[in-house]
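Enquirer: The structure file entry15.pdb (PDB, C-alpha atoms) is provided below.
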ATOM      1  CA  MET U   1       4.234 -36.347  27.523
ATOM      2  CA  ARG U   2       7.518 -36.028  25.698
ATOM      3  CA  TYR U   3       8.133 -33.380  23.068
ATOM      4  CA  PHE U   4      10.475 -32.746  20.183
ATOM      5  CA  LEU U   5      11.864 -29.239  19.712
ATOM      6  CA  TYR U   6      11.886 -28.152  16.062
ATOM      7  CA  ALA U   7      13.724 -25.094  14.747
ATOM      8  CA  ARG U   8      13.776 -24.183  11.065
ATOM      9  CA  LYS U   9      15.024 -21.318   8.974
ATOM     10  CA  SER U  10      14.352 -21.423   5.264
ATOM     11  CA  THR U  11      17.192 -19.165   4.203
ATOM     12  CA  ASN U  12      20.634 -18.037   5.262
ATOM     13  CA  VAL U  13      19.800 -14.432   4.386
ATOM     14  CA  GLU U  14      20.086 -12.631   7.722
ATOM     15  CA  ASP U  15      17.922  -9.613   6.836
ATOM     16  CA  LYS U  16      14.761 -11.753   6.937
ATOM     17  CA  GLN U  17      12.629 -11.188  10.052
ATOM     18  CA  VAL U  18      12.934 -14.765  11.347
ATOM     19  CA  LEU U  19      14.873 -15.774  14.425
ATOM     20  CA  SER U  20      18.043 -17.727  13.743
ATOM     21  CA  ILE U  21      17.986 -21.427  14.568
ATOM     22  CA  PRO U  22      20.149 -20.939  17.695
ATOM     23  CA  ALA U  23      17.860 -18.105  18.870
ATOM     24  CA  GLN U  24      14.767 -20.255  18.275
ATOM     25  CA  LEU U  25      16.308 -23.076  20.307
ATOM     26  CA  VAL U  26      17.061 -20.736  23.216
ATOM     27  CA  GLU U  27      13.432 -19.581  23.244
ATOM     28  CA  LEU U  28      12.117 -23.146  22.984
ATOM     29  CA  ARG U  29      14.380 -24.465  25.743
ATOM     30  CA  ASN U  30      13.278 -21.612  28.007
ATOM     31  CA  LEU U  31       9.623 -22.375  27.283
ATOM     32  CA  ALA U  32      10.119 -26.084  27.973
ATOM     33  CA  LYS U  33      11.907 -25.332  31.239
ATOM     34  CA  ARG U  34       9.292 -22.783  32.338
ATOM     35  CA  GLU U  35       6.430 -25.204  31.541
ATOM     36  CA  ASN U  36       8.290 -28.251  32.916
ATOM     37  CA  LEU U  37       8.045 -30.117  29.593
ATOM     38  CA  GLU U  38      10.135 -33.189  28.877
ATOM     39  CA  ILE U  39      12.195 -32.801  25.687
ATOM     40  CA  ALA U  40      13.070 -36.032  23.875
ATOM     41  CA  GLU U  41      15.252 -34.438  21.188
ATOM     42  CA  GLU U  42      15.957 -31.257  19.252
ATOM     43  CA  PHE U  43      15.656 -31.031  15.463
ATOM     44  CA  MET U  44      17.121 -28.268  13.302
ATOM     45  CA  GLU U  45      16.629 -27.715   9.593
ATOM     46  CA  LYS U  46      17.693 -25.129   7.019
ATOM     47  CA  ARG U  47      15.169 -25.620   4.275
ATOM     48  CA  SER U  48      11.990 -24.057   2.939
ATOM     49  CA  ALA U  49       8.682 -25.592   4.024
ATOM     50  CA  LYS U  50       6.761 -24.401   0.973
ATOM     51  CA  SER U  51       7.054 -27.860  -0.619
ATOM     52  CA  PRO U  52       6.901 -31.310   0.988
ATOM     53  CA  GLY U  53      10.039 -33.410   1.286
ATOM     54  CA  ARG U  54      12.155 -32.018   4.136
ATOM     55  CA  SER U  55      14.273 -34.896   5.427
ATOM     56  CA  VAL U  56      14.657 -33.748   9.051
ATOM     57  CA  PHE U  57      10.947 -32.962   9.319
ATOM     58  CA  GLY U  58      10.083 -36.356   7.797
ATOM     59  CA  ASP U  59      12.344 -38.196  10.233
ATOM     60  CA  MET U  60      10.848 -36.310  13.166
ATOM     61  CA  MET U  61       7.288 -37.116  12.077
ATOM     62  CA  ALA U  62       8.167 -40.808  11.615
ATOM     63  CA  ARG U  63       9.528 -40.893  15.160
ATOM     64  CA  ILE U  64       6.334 -39.316  16.481
ATOM     65  CA  GLN U  65       4.358 -42.042  14.713
ATOM     66  CA  LYS U  66       6.554 -44.597  16.536
ATOM     67  CA  GLY U  67       5.669 -42.970  19.862
ATOM     68  CA  GLU U  68       9.084 -41.519  20.715
ATOM     69  CA  ALA U  69       7.387 -38.176  21.456
ATOM     70  CA  GLN U  70       3.791 -37.073  21.625
ATOM     71  CA  GLY U  71       4.126 -33.493  20.414
ATOM     72  CA  ILE U  72       6.267 -30.778  18.865
ATOM     73  CA  ILE U  73       7.324 -27.446  20.304
ATOM     74  CA  CYS U  74       8.237 -24.825  17.730
ATOM     75  CA  TRP U  75       8.927 -21.097  17.792
ATOM     76  CA  LYS U  76       6.203 -20.284  15.291
ATOM     77  CA  ILE U  77       3.670 -22.635  13.701
ATOM     78  CA  ASP U  78       4.877 -21.804  10.182
ATOM     79  CA  ARG U  79       8.241 -23.350  11.106
ATOM     80  CA  LEU U  80       6.500 -26.729  10.810
ATOM     81  CA  ALA U  81       4.610 -26.496   7.540
ATOM     82  CA  ARG U  82       3.765 -24.090   4.770
ATOM     83  CA  ASN U  83       2.198 -26.638   2.438
ATOM     84  CA  PRO U  84      -0.969 -28.733   2.768
ATOM     85  CA  VAL U  85       0.789 -32.125   2.731
ATOM     86  CA  ASP U  86       2.993 -31.383   5.748
ATOM     87  CA  GLY U  87       0.160 -29.499   7.454
ATOM     88  CA  GLY U  88      -2.101 -32.534   7.160
ATOM     89  CA  GLN U  89       0.613 -34.820   8.449
ATOM     90  CA  ILE U  90       1.027 -32.632  11.538
ATOM     91  CA  SER U  91      -2.716 -32.488  12.192
ATOM     92  CA  VAL U  92      -3.104 -36.253  12.039
ATOM     93  CA  ALA U  93       0.042 -37.091  14.025
ATOM     94  CA  ASN U  94      -0.424 -34.614  16.845
ATOM     95  CA  GLU U  95      -4.179 -34.251  17.208
ATOM     96  CA  GLY U  96      -3.971 -30.798  18.783
ATOM     97  CA  ARG U  97      -0.853 -31.379  20.901
ATOM     98  CA  LEU U  98       1.317 -28.747  19.195
ATOM     99  CA  ARG U  99       2.798 -25.972  21.296
ATOM    100  CA  SER U 100       4.343 -22.791  20.010
ATOM    101  CA  LYS U 101       5.970 -19.987  21.914
TER     102      LYS U 101
END
Would you kindly transcribe this structure into structure tokens?
Expert:
Amino acid sequence: MRYFLYARKSTNVEDKQVLSIPAQLVELRNLAKRENLEIAEEFMEKRSAKSPGRSVFGDMMARIQKGEAQGIICWKIDRLARNPVDGGQISVANEGRLRSK
């Protein structure tokens, strides 16, 4: 199986208790290496997930539908979706193949 790495931060305010995008990527790369997972590509996005319509997320999901990867590795599951539309899209596309740190 091939995976996409996805790192997202909804705000540039540094006092929020969320890892920065570079810190998330370090953690995800370490996890992938430790678990011997094949990474197809890394995606990064600075946008809230409370509403549907994130362009990077949409592109990534379209590529999963095309078979370019079979799953997503993210730092925390809420990095993927915080709204029911995106959450449903993830459930259908990945059928339980999500991995989080």
Enquirer: Can you work out which one of U:Ile77, U:Leu5, U:Ala32, U:Ile39 has the shortest atom-to-atom distance to U:Met61, counting all atoms listed in the file?
Expert: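 Closest residue, counting all atoms listed in the file: U:Leu5.
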Enquirer: To verify the selection step, state as a short mmCIF file (atom, residue, chain, number, x, y, z; two decimals) with C-alpha atoms, in the frame of the given file which residues the PyMOL selection byres ((chain U and resi 7) around 10) yields on this input.
Expert:
data_model
loop_
_atom_site.label_atom_id
_atom_site.label_comp_id
_atom_site.auth_asym_id
_atom_site.auth_seq_id
_atom_site.Cartn_x
_atom_site.Cartn_y
_atom_site.Cartn_z
CA PHE U 4 10.48 -32.75 20.18
CA LEU U 5 11.86 -29.24 19.71
CA TYR U 6 11.89 -28.15 16.06
CA ARG U 8 13.78 -24.18 11.06
CA LYS U 9 15.02 -21.32 8.97
CA LEU U 19 14.87 -15.77 14.42
CA SER U 20 18.04 -17.73 13.74
CA ILE U 21 17.99 -21.43 14.57
CA PRO U 22 20.15 -20.94 17.70
CA ALA U 23 17.86 -18.10 18.87
CA GLN U 24 14.77 -20.26 18.27
CA LEU U 25 16.31 -23.08 20.31
CA LEU U 28 12.12 -23.15 22.98
CA GLU U 42 15.96 -31.26 19.25
CA PHE U 43 15.66 -31.03 15.46
CA MET U 44 17.12 -28.27 13.30
CA GLU U 45 16.63 -27.72 9.59
CA LYS U 46 17.69 -25.13 7.02
CA PHE U 57 10.95 -32.96 9.32
CA ILE U 73 7.32 -27.45 20.30
CA CYS U 74 8.24 -24.82 17.73
CA TRP U 75 8.93 -21.10 17.79
CA LYS U 76 6.20 -20.28 15.29
CA ARG U 79 8.24 -23.35 11.11
CA LEU U 80 6.50 -26.73 10.81
#
Enquirer: State, in Å with one decimal place, the distance from atom CA of U:Ala40 to atom CA of U:Gly58.
Expert: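 A separation of 16.4 Å between them.
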Enquirer: Tell me, in Å to one decimal, how far atom CA of U:Arg54 is from atom CA of U:Ile72.
Expert: 15.9 Å
Enquirer: Rank U:Arg2, U:Gly53, U:Ile64, U:Gln70 by their smallest atom-to-atom distance to U:Leu37, using only C-alpha atoms, and report the top residue only.
Expert: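 Counting only C-alpha atoms, the residue closest to U:Leu37 is U:Arg2.
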Enquirer: Atom CA of U:Thr11 to atom CA of U:Asp59: how many Å, to one decimal?
Expert: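 Distance reported for this atom pair: 20.5 Å.
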Enquirer: Which residue is closest to U:Gly67? Choose from U:Glu35, U:Ser10, U:Met1, U:Ser48 and count only C-alpha atoms.
Expert: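 Residue with the minimum atom-to-atom distance to U:Gly67: U:Met1.
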